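For reference, the structure discussed in these notes is given below.
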Amino acid sequence: MHLSGNTVLITGGSSGIGLALARQFQIHNNRVIITGRDGAKLASAEKELPGIHTFRTDHTDPASAISLRDYISEHHPALNVLINNAGVQYSYAFGHDPASAGNIATETQINFIAPLLLTNALLPFLTGQPASAIVFVSSALYIAPKRSAPVYCATKAAIHTFAKALRYQLEGSSVKVFEIIPPLVDTAMTTDRSSSGKMSTDRLARIFIRNFHSDDTEQYIGKSRLLKMLSRISPRLAESMMKNG
Ligand SMILES: NC(=O)c1ccc[n+]([C@@H]2O[C@H](COP(=O)([O-])OP(=O)(O)OC[C@H]3O[C@@H](n4cnc5c(N)ncnc54)[C@H](OP(=O)(O)O)[C@@H]3O)[C@@H](O)[C@H]2O)c1
């Protein structure tokens with residue numbers, strides 16, 4: 001993929017990995033649009049990255065994909081890169097926590113249903129461009145899950161499988177399907193985890209950009225790569241290492 005001259009939409013671009021990706025795409029002279037729920041975070045991103053475009057939406061609302069499609073159609077019809085990044089992770093005792101039922105629906109909606117609905121709504125724009133990309137952000141936890149967040153791990157495994165099958169479906173078209181499989185990254189999502197061994201968001205984004213340029217579609221980054229190799233050699237060891245993470 002070209003590194004410059006793209007029109008890039010990043011869901012959940014107001015913090016963490018999404019914001020770091022937005023920064024990198026701006027540095028390389030692309031038009032960048034980000035989404036998020038929190039208006040203050042979007043305003044702060046606008047301040048940090050002048051020229052960025054923001055769209056406030058809640059991806060748990062199935063109508064979000066349609067309103068975003070209409071906004072893109074009116075303001076950014078040259079869209080050629082969609083990055084499905086927005087996500088949440090909830091830890092709870094399945095079946096016991098009173099919040100379980102609500103959490104199951106919300107987490108599945110944001111992490112799995114919303115990216116599919118948005119991809120479905122925006123694909124006609126992407127196929128109309130000479131070179132396009134759809135990027136999904138899964139997780140090393142799709143390879144080996146942890147006990148504390150079973151729904152999160154399952155949504156990431158589902159995204160991994162979906163990305164692969166969509167890649168097959170779009171073979172021969174102008175659209176390439178990428179997947180980022182991050183290791184543990186230092187963001188708001190992981191503040192409750194010990195700080196040792198977390199990758200910085202900027203490092204992750206710089207590695208992604210380099211791989212994006214060389215059309216590396218399945219990107220196992222940092223320790224995710226090691227975990228993938230270990231899971232081939234000794235799946236049980238990989239699983240026991242991740243289980244209590
Ligand atoms: N951090 C890690 O170690 C790690 C590892 C592997 C994969 N990932 C994945 O990387 C992606 C980004 O996570 P992060 O670590 O960067 O987390 P983060 O800093 O918490 O950022 C999450 C982003 O998603 C947005 N978002 C969440 N729910 C939303 C909703 N319902 N509607 C619209 N926007 C929503 C947030 O905006 P608002 O705050 O405004 O809602 C924020 O911009 C996620 O898919 C996550 O699963 C993270």
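In the structure tokens, chains take letters A, B, ... by order of appearance, with residues numbered from 1 within each chain and ligands from 1 in the order shown.
With only C-alpha atoms taken into account, the protein and nucleic acid residues at most 9 Å from Lys198 in chain A (excluding it and anything under 3 positions from it in its own chain) are Pro183, Leu184, Val185, Asp186, Thr190, Ser194 and Ser195 of chain A.
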Please identify the strand (DSSP E or B) residues within range 67-110 of chain A (assignment by DSSP from backbone atoms) and present them as an mmCIF file with C-alpha atoms, in the first residue's frame.
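Dumped to selection.cif:
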```cif
data_model
loop_
_atom_site.group_PDB
_atom_site.id
_atom_site.type_symbol
_atom_site.label_atom_id
_atom_site.label_comp_id
_atom_site.auth_asym_id
_atom_site.auth_seq_id
_atom_site.Cartn_x
_atom_site.Cartn_y
_atom_site.Cartn_z
ATOM 1 C CA VAL A 81 -8.498 2.787 4.133
ATOM 2 C CA LEU A 82 -10.810 1.601 6.916
ATOM 3 C CA ILE A 83 -9.235 0.677 10.258
ATOM 4 C CA ASN A 84 -11.612 -1.183 12.580
#
```
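Counting only C-alpha atoms, Phe212 in chain A has the following residues at most 10 Å away, ignoring those fewer than 2 positions along the same chain: Met1, His2, Leu3, Ala133, Val135, Phe178, Glu179, Ile180, Arg206, Ile207, Phe208, Ile209, Arg210, Ser214, Asp215, Asp216, Thr217, Glu218 and Gln219 of chain A.
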Just the selected residues (N, CA and C atoms), exported as a PDB file, in the first residue's frame, please.
```pdb
ATOM      1  N   MET A   1       0.845  -1.186   0.000  1.00  0.00           N
ATOM      2  CA  MET A   1       0.000   0.000   0.000  1.00  0.00           C
ATOM      3  C   MET A   1       0.886   1.244   0.000  1.00  0.00           C
ATOM      4  N   HIS A   2       0.400   2.288  -0.683  1.00  0.00           N
ATOM      5  CA  HIS A   2       1.091   3.578  -0.597  1.00  0.00           C
ATOM      6  C   HIS A   2       0.984   4.115   0.809  1.00  0.00           C
ATOM      7  N   LEU A   3       2.032   4.809   1.247  1.00  0.00           N
ATOM      8  CA  LEU A   3       1.992   5.361   2.605  1.00  0.00           C
ATOM      9  C   LEU A   3       1.371   6.741   2.648  1.00  0.00           C
ATOM     10  N   ALA A 133      -7.707  -0.612   1.536  1.00  0.00           N
ATOM     11  CA  ALA A 133      -7.377  -1.559   2.612  1.00  0.00           C
ATOM     12  C   ALA A 133      -8.425  -1.519   3.701  1.00  0.00           C
ATOM     13  N   VAL A 135      -8.486  -2.793   7.682  1.00  0.00           N
ATOM     14  CA  VAL A 135      -7.598  -3.294   8.733  1.00  0.00           C
ATOM     15  C   VAL A 135      -8.446  -3.671   9.952  1.00  0.00           C
ATOM     16  N   PHE A 178      -6.099  -6.441   5.989  1.00  0.00           N
ATOM     17  CA  PHE A 178      -4.995  -6.549   6.946  1.00  0.00           C
ATOM     18  C   PHE A 178      -5.543  -6.910   8.325  1.00  0.00           C
ATOM     19  N   GLU A 179      -4.675  -7.515   9.123  1.00  0.00           N
ATOM     20  CA  GLU A 179      -5.009  -7.740  10.531  1.00  0.00           C
ATOM     21  C   GLU A 179      -3.783  -7.383  11.368  1.00  0.00           C
ATOM     22  N   ILE A 180      -4.015  -6.610  12.414  1.00  0.00           N
ATOM     23  CA  ILE A 180      -2.945  -6.341  13.385  1.00  0.00           C
ATOM     24  C   ILE A 180      -3.216  -7.242  14.581  1.00  0.00           C
ATOM     25  N   ARG A 206       4.297   2.442  14.423  1.00  0.00           N
ATOM     26  CA  ARG A 206       5.400   2.537  13.449  1.00  0.00           C
ATOM     27  C   ARG A 206       5.654   1.179  12.786  1.00  0.00           C
ATOM     28  N   ILE A 207       5.583   0.106  13.562  1.00  0.00           N
ATOM     29  CA  ILE A 207       5.774  -1.238  12.977  1.00  0.00           C
ATOM     30  C   ILE A 207       4.640  -1.527  11.991  1.00  0.00           C
ATOM     31  N   PHE A 208       3.414  -1.177  12.390  1.00  0.00           N
ATOM     32  CA  PHE A 208       2.275  -1.411  11.483  1.00  0.00           C
ATOM     33  C   PHE A 208       2.480  -0.679  10.148  1.00  0.00           C
ATOM     34  N   ILE A 209       2.870   0.594  10.221  1.00  0.00           N
ATOM     35  CA  ILE A 209       3.008   1.392   9.005  1.00  0.00           C
ATOM     36  C   ILE A 209       4.044   0.760   8.056  1.00  0.00           C
ATOM     37  N   ARG A 210       5.138   0.307   8.629  1.00  0.00           N
ATOM     38  CA  ARG A 210       6.188  -0.328   7.805  1.00  0.00           C
ATOM     39  C   ARG A 210       5.626  -1.586   7.140  1.00  0.00           C
ATOM     40  N   SER A 214       4.630  -2.732   3.063  1.00  0.00           N
ATOM     41  CA  SER A 214       5.118  -3.919   2.344  1.00  0.00           C
ATOM     42  C   SER A 214       4.017  -4.986   2.195  1.00  0.00           C
ATOM     43  N   ASP A 215       2.760  -4.557   2.378  1.00  0.00           N
ATOM     44  CA  ASP A 215       1.610  -5.447   2.158  1.00  0.00           C
ATOM     45  C   ASP A 215       1.661  -6.715   3.002  1.00  0.00           C
ATOM     46  N   ASP A 216       2.174  -6.592   4.221  1.00  0.00           N
ATOM     47  CA  ASP A 216       2.151  -7.721   5.157  1.00  0.00           C
ATOM     48  C   ASP A 216       0.753  -7.743   5.775  1.00  0.00           C
ATOM     49  N   THR A 217      -0.086  -8.649   5.317  1.00  0.00           N
ATOM     50  CA  THR A 217      -1.500  -8.558   5.699  1.00  0.00           C
ATOM     51  C   THR A 217      -1.814  -9.136   7.080  1.00  0.00           C
ATOM     52  N   GLU A 218      -1.075 -10.160   7.523  1.00  0.00           N
ATOM     53  CA  GLU A 218      -1.321 -10.700   8.874  1.00  0.00           C
ATOM     54  C   GLU A 218      -0.146 -10.324   9.756  1.00  0.00           C
ATOM     55  N   GLN A 219      -0.331  -9.293  10.576  1.00  0.00           N
ATOM     56  CA  GLN A 219       0.803  -8.713  11.290  1.00  0.00           C
ATOM     57  C   GLN A 219       0.842  -9.136  12.763  1.00  0.00           C
TER      58      GLN A 219
END
```
Can you build me a table of chain A residues sitting at most 7 Å from ligand 1, with the closest atom pair per residue and its distance in Å to one decimal, using only C-alpha atoms and all ligand atoms, sorted by chain and residue number, as CSV?
```
residue,atom,partner,partner_atom_place_in_ligand_line,distance
A:Thr11,CA,ligand 1,34 (N),6.4
A:Gly12,CA,ligand 1,43 (O),3.3
A:Gly13,CA,ligand 1,43 (O),4.7
A:Ser14,CA,ligand 1,43 (O),4.0
A:Ser15,CA,ligand 1,43 (O),4.5
A:Gly16,CA,ligand 1,16 (O),3.4
A:Ile17,CA,ligand 1,16 (O),3.8
A:Gly18,CA,ligand 1,16 (O),5.7
A:Thr35,CA,ligand 1,34 (N),6.1
A:Gly36,CA,ligand 1,34 (N),3.8
A:Arg37,CA,ligand 1,40 (O),3.5
A:Asp38,CA,ligand 1,40 (O),3.6
A:Gly39,CA,ligand 1,40 (O),6.9
A:Lys41,CA,ligand 1,40 (O),6.3
A:Thr57,CA,ligand 1,33 (C),5.5
A:Asp58,CA,ligand 1,32 (N),3.5
A:His59,CA,ligand 1,32 (N),3.9
A:Thr60,CA,ligand 1,31 (N),4.8
A:Asn85,CA,ligand 1,45 (O),4.6
A:Ala86,CA,ligand 1,24 (O),3.6
A:Gly87,CA,ligand 1,45 (O),3.6
A:Val88,CA,ligand 1,27 (C),5.5
A:Gln89,CA,ligand 1,47 (O),6.5
A:Ile110,CA,ligand 1,31 (N),5.5
A:Asn111,CA,ligand 1,45 (O),6.4
A:Val137,CA,ligand 1,45 (O),5.4
A:Ser138,CA,ligand 1,7 (C),5.4
A:Ser139,CA,ligand 1,6 (C),3.9
A:Ala140,CA,ligand 1,6 (C),6.2
A:Ile181,CA,ligand 1,6 (C),6.5
A:Pro182,CA,ligand 1,6 (C),4.5
A:Pro183,CA,ligand 1,5 (C),5.3
A:Leu184,CA,ligand 1,3 (O),3.6
A:Val185,CA,ligand 1,3 (O),3.6
A:Asp186,CA,ligand 1,1 (N),5.7
A:Thr187,CA,ligand 1,19 (O),4.6
A:Ala188,CA,ligand 1,19 (O),4.4
A:Met189,CA,ligand 1,20 (O),4.5
A:Thr190,CA,ligand 1,1 (N),5.5
```
Just asking: which residues within range 59-219 of chain A are helix (DSSP H, G or I) according to DSSP, as a compact mmCIF listing (two decimals) with N, CA and C atoms, in the first residue's frame?
```
# COMPACT_ATOMS: atom_id res chain seq x y z
N SER A 64 -25.04 3.38 13.77
CA SER A 64 -23.78 4.12 13.65
C SER A 64 -23.12 3.89 12.29
N ALA A 65 -23.17 2.65 11.80
CA ALA A 65 -22.53 2.33 10.51
C ALA A 65 -23.17 3.14 9.38
N ILE A 66 -24.48 3.32 9.46
CA ILE A 66 -25.19 4.04 8.39
C ILE A 66 -24.90 5.54 8.47
N SER A 67 -24.91 6.10 9.69
CA SER A 67 -24.64 7.54 9.80
C SER A 67 -23.19 7.84 9.40
N LEU A 68 -22.29 6.92 9.72
CA LEU A 68 -20.89 7.11 9.34
C LEU A 68 -20.74 6.99 7.81
N ARG A 69 -21.43 6.04 7.22
CA ARG A 69 -21.40 5.90 5.76
C ARG A 69 -21.90 7.18 5.08
N ASP A 70 -22.99 7.76 5.61
CA ASP A 70 -23.54 8.98 5.01
C ASP A 70 -22.56 10.15 5.16
N TYR A 71 -21.90 10.23 6.31
CA TYR A 71 -20.91 11.29 6.55
C TYR A 71 -19.72 11.13 5.59
N ILE A 72 -19.26 9.89 5.43
CA ILE A 72 -18.13 9.64 4.52
C ILE A 72 -18.53 9.98 3.10
N SER A 73 -19.73 9.58 2.73
CA SER A 73 -20.20 9.84 1.36
C SER A 73 -20.23 11.34 1.06
N GLU A 74 -20.63 12.12 2.04
CA GLU A 74 -20.74 13.57 1.84
C GLU A 74 -19.39 14.29 1.93
N HIS A 75 -18.54 13.88 2.90
CA HIS A 75 -17.34 14.66 3.19
C HIS A 75 -16.03 14.01 2.74
N SER A 100 -23.05 -9.29 33.88
CA SER A 100 -22.67 -10.20 32.79
C SER A 100 -23.49 -10.03 31.52
N ALA A 101 -24.82 -10.07 31.65
CA ALA A 101 -25.66 -10.08 30.45
C ALA A 101 -25.43 -8.82 29.62
N GLY A 102 -25.39 -7.67 30.29
CA GLY A 102 -25.15 -6.41 29.56
C GLY A 102 -23.77 -6.38 28.94
N ASN A 103 -22.79 -6.86 29.69
CA ASN A 103 -21.41 -6.86 29.20
C ASN A 103 -21.26 -7.75 27.96
N ILE A 104 -21.92 -8.90 27.97
CA ILE A 104 -21.81 -9.82 26.84
C ILE A 104 -22.28 -9.11 25.57
N ALA A 105 -23.44 -8.47 25.68
CA ALA A 105 -24.01 -7.80 24.49
C ALA A 105 -23.13 -6.64 24.03
N THR A 106 -22.68 -5.81 24.98
CA THR A 106 -21.91 -4.62 24.61
C THR A 106 -20.56 -5.00 24.00
N GLU A 107 -19.89 -5.91 24.66
CA GLU A 107 -18.55 -6.29 24.20
C GLU A 107 -18.61 -6.95 22.81
N THR A 108 -19.61 -7.80 22.62
CA THR A 108 -19.75 -8.46 21.32
C THR A 108 -20.10 -7.45 20.24
N GLN A 109 -20.96 -6.49 20.60
CA GLN A 109 -21.37 -5.47 19.63
C GLN A 109 -20.17 -4.62 19.19
N ILE A 110 -19.41 -4.11 20.15
CA ILE A 110 -18.30 -3.20 19.79
C ILE A 110 -17.17 -3.96 19.09
N ASN A 111 -16.80 -5.10 19.67
CA ASN A 111 -15.60 -5.78 19.16
C ASN A 111 -15.84 -6.61 17.91
N PHE A 112 -17.08 -7.08 17.72
CA PHE A 112 -17.30 -7.98 16.58
C PHE A 112 -18.37 -7.49 15.61
N ILE A 113 -19.58 -7.20 16.11
CA ILE A 113 -20.67 -6.84 15.18
C ILE A 113 -20.40 -5.50 14.49
N ALA A 114 -19.99 -4.50 15.29
CA ALA A 114 -19.80 -3.15 14.72
C ALA A 114 -18.77 -3.12 13.57
N PRO A 115 -17.61 -3.75 13.72
CA PRO A 115 -16.66 -3.75 12.59
C PRO A 115 -17.23 -4.40 11.33
N LEU A 116 -18.05 -5.43 11.53
CA LEU A 116 -18.65 -6.11 10.36
C LEU A 116 -19.68 -5.21 9.68
N LEU A 117 -20.52 -4.56 10.51
CA LEU A 117 -21.54 -3.67 9.92
C LEU A 117 -20.88 -2.50 9.19
N LEU A 118 -19.83 -1.96 9.79
CA LEU A 118 -19.16 -0.80 9.16
C LEU A 118 -18.45 -1.22 7.87
N THR A 119 -17.80 -2.36 7.92
CA THR A 119 -17.13 -2.87 6.72
C THR A 119 -18.15 -3.10 5.61
N ASN A 120 -19.28 -3.66 5.98
CA ASN A 120 -20.35 -3.93 5.01
C ASN A 120 -20.86 -2.62 4.40
N ALA A 121 -21.01 -1.59 5.24
CA ALA A 121 -21.54 -0.30 4.76
C ALA A 121 -20.54 0.44 3.88
N LEU A 122 -19.24 0.28 4.17
CA LEU A 122 -18.24 1.10 3.48
C LEU A 122 -17.54 0.38 2.31
N LEU A 123 -17.77 -0.91 2.19
CA LEU A 123 -17.09 -1.66 1.12
C LEU A 123 -17.32 -1.07 -0.28
N PRO A 124 -18.54 -0.59 -0.60
CA PRO A 124 -18.72 0.00 -1.93
C PRO A 124 -17.78 1.19 -2.22
N PHE A 125 -17.43 1.97 -1.18
CA PHE A 125 -16.46 3.07 -1.40
C PHE A 125 -15.09 2.49 -1.68
N LEU A 126 -14.74 1.46 -0.91
CA LEU A 126 -13.39 0.91 -1.00
C LEU A 126 -13.16 0.20 -2.33
N THR A 127 -14.15 -0.54 -2.79
CA THR A 127 -13.97 -1.26 -4.06
C THR A 127 -13.94 -0.29 -5.24
N ALA A 140 -3.35 -10.86 20.56
CA ALA A 140 -2.63 -12.12 20.84
C ALA A 140 -3.53 -13.08 21.61
N LEU A 141 -4.54 -12.53 22.28
CA LEU A 141 -5.45 -13.37 23.07
C LEU A 141 -6.36 -14.22 22.21
N TYR A 142 -6.35 -13.98 20.88
CA TYR A 142 -7.10 -14.90 20.02
C TYR A 142 -6.34 -16.23 19.91
N PRO A 150 -13.31 -13.97 29.00
CA PRO A 150 -13.62 -14.96 27.97
C PRO A 150 -14.33 -14.39 26.74
N VAL A 151 -15.22 -13.41 26.95
CA VAL A 151 -15.95 -12.87 25.79
C VAL A 151 -15.01 -12.05 24.91
N TYR A 152 -14.16 -11.25 25.55
CA TYR A 152 -13.18 -10.46 24.79
C TYR A 152 -12.33 -11.38 23.90
N CYS A 153 -11.79 -12.43 24.50
CA CYS A 153 -10.91 -13.34 23.74
C CYS A 153 -11.69 -13.98 22.58
N ALA A 154 -12.95 -14.34 22.84
CA ALA A 154 -13.76 -14.97 21.79
C ALA A 154 -14.05 -13.99 20.66
N THR A 155 -14.30 -12.72 20.98
CA THR A 155 -14.56 -11.75 19.90
C THR A 155 -13.31 -11.55 19.04
N LYS A 156 -12.14 -11.62 19.67
CA LYS A 156 -10.90 -11.41 18.91
C LYS A 156 -10.62 -12.63 18.01
N ALA A 157 -10.95 -13.83 18.51
CA ALA A 157 -10.81 -15.03 17.66
C ALA A 157 -11.77 -14.94 16.48
N ALA A 158 -12.97 -14.43 16.74
CA ALA A 158 -13.95 -14.28 15.66
C ALA A 158 -13.48 -13.26 14.62
N ILE A 159 -12.91 -12.17 15.08
CA ILE A 159 -12.41 -11.14 14.15
C ILE A 159 -11.27 -11.71 13.30
N HIS A 160 -10.41 -12.50 13.94
CA HIS A 160 -9.30 -13.12 13.20
C HIS A 160 -9.83 -13.99 12.07
N THR A 161 -10.79 -14.83 12.39
CA THR A 161 -11.34 -15.75 11.38
C THR A 161 -12.08 -14.97 10.29
N PHE A 162 -12.83 -13.97 10.72
CA PHE A 162 -13.57 -13.16 9.74
C PHE A 162 -12.60 -12.46 8.78
N ALA A 163 -11.54 -11.89 9.32
CA ALA A 163 -10.58 -11.16 8.47
C ALA A 163 -9.99 -12.09 7.41
N LYS A 164 -9.68 -13.30 7.83
CA LYS A 164 -9.09 -14.27 6.89
C LYS A 164 -10.08 -14.61 5.77
N ALA A 165 -11.32 -14.89 6.16
CA ALA A 165 -12.32 -15.28 5.15
C ALA A 165 -12.64 -14.11 4.22
N LEU A 166 -12.70 -12.89 4.77
CA LEU A 166 -12.97 -11.72 3.92
C LEU A 166 -11.81 -11.50 2.94
N ARG A 167 -10.59 -11.77 3.42
CA ARG A 167 -9.42 -11.66 2.53
C ARG A 167 -9.60 -12.60 1.33
N TYR A 168 -10.06 -13.82 1.59
CA TYR A 168 -10.30 -14.77 0.50
C TYR A 168 -11.36 -14.19 -0.44
N GLN A 169 -12.44 -13.65 0.16
CA GLN A 169 -13.56 -13.17 -0.65
C GLN A 169 -13.15 -12.01 -1.55
N ALA A 188 -5.15 2.86 27.83
CA ALA A 188 -6.15 2.91 28.91
C ALA A 188 -6.72 1.51 29.19
N MET A 189 -6.79 0.69 28.15
CA MET A 189 -7.35 -0.66 28.32
C MET A 189 -6.54 -1.53 29.27
N THR A 190 -5.25 -1.22 29.39
CA THR A 190 -4.37 -2.12 30.16
C THR A 190 -3.80 -1.44 31.41
N THR A 201 2.32 2.53 22.26
CA THR A 201 1.42 2.67 21.11
C THR A 201 2.18 3.17 19.88
N ASP A 202 3.14 4.09 20.10
CA ASP A 202 3.88 4.64 18.96
C ASP A 202 4.74 3.57 18.28
N ARG A 203 5.33 2.71 19.08
CA ARG A 203 6.16 1.63 18.50
C ARG A 203 5.27 0.72 17.65
N LEU A 204 4.13 0.35 18.23
CA LEU A 204 3.20 -0.53 17.50
C LEU A 204 2.79 0.13 16.18
N ALA A 205 2.44 1.41 16.23
CA ALA A 205 1.96 2.10 15.03
C ALA A 205 3.06 2.20 13.98
N ARG A 206 4.30 2.44 14.42
CA ARG A 206 5.40 2.54 13.45
C ARG A 206 5.65 1.18 12.79
N ILE A 207 5.58 0.11 13.56
CA ILE A 207 5.77 -1.24 12.98
C ILE A 207 4.64 -1.53 11.99
N PHE A 208 3.41 -1.18 12.39
CA PHE A 208 2.28 -1.41 11.48
C PHE A 208 2.48 -0.68 10.15
N ILE A 209 2.87 0.59 10.22
CA ILE A 209 3.01 1.39 9.01
C ILE A 209 4.04 0.76 8.06
N ARG A 210 5.14 0.31 8.63
CA ARG A 210 6.19 -0.33 7.80
C ARG A 210 5.63 -1.59 7.14
N ASN A 211 4.92 -2.39 7.90
CA ASN A 211 4.34 -3.64 7.37
C ASN A 211 3.23 -3.36 6.36
N PHE A 212 2.49 -2.29 6.60
CA PHE A 212 1.39 -1.88 5.70
C PHE A 212 1.98 -1.55 4.32
N HIS A 213 3.10 -0.85 4.35
CA HIS A 213 3.77 -0.45 3.11
C HIS A 213 4.24 -1.67 2.32
```
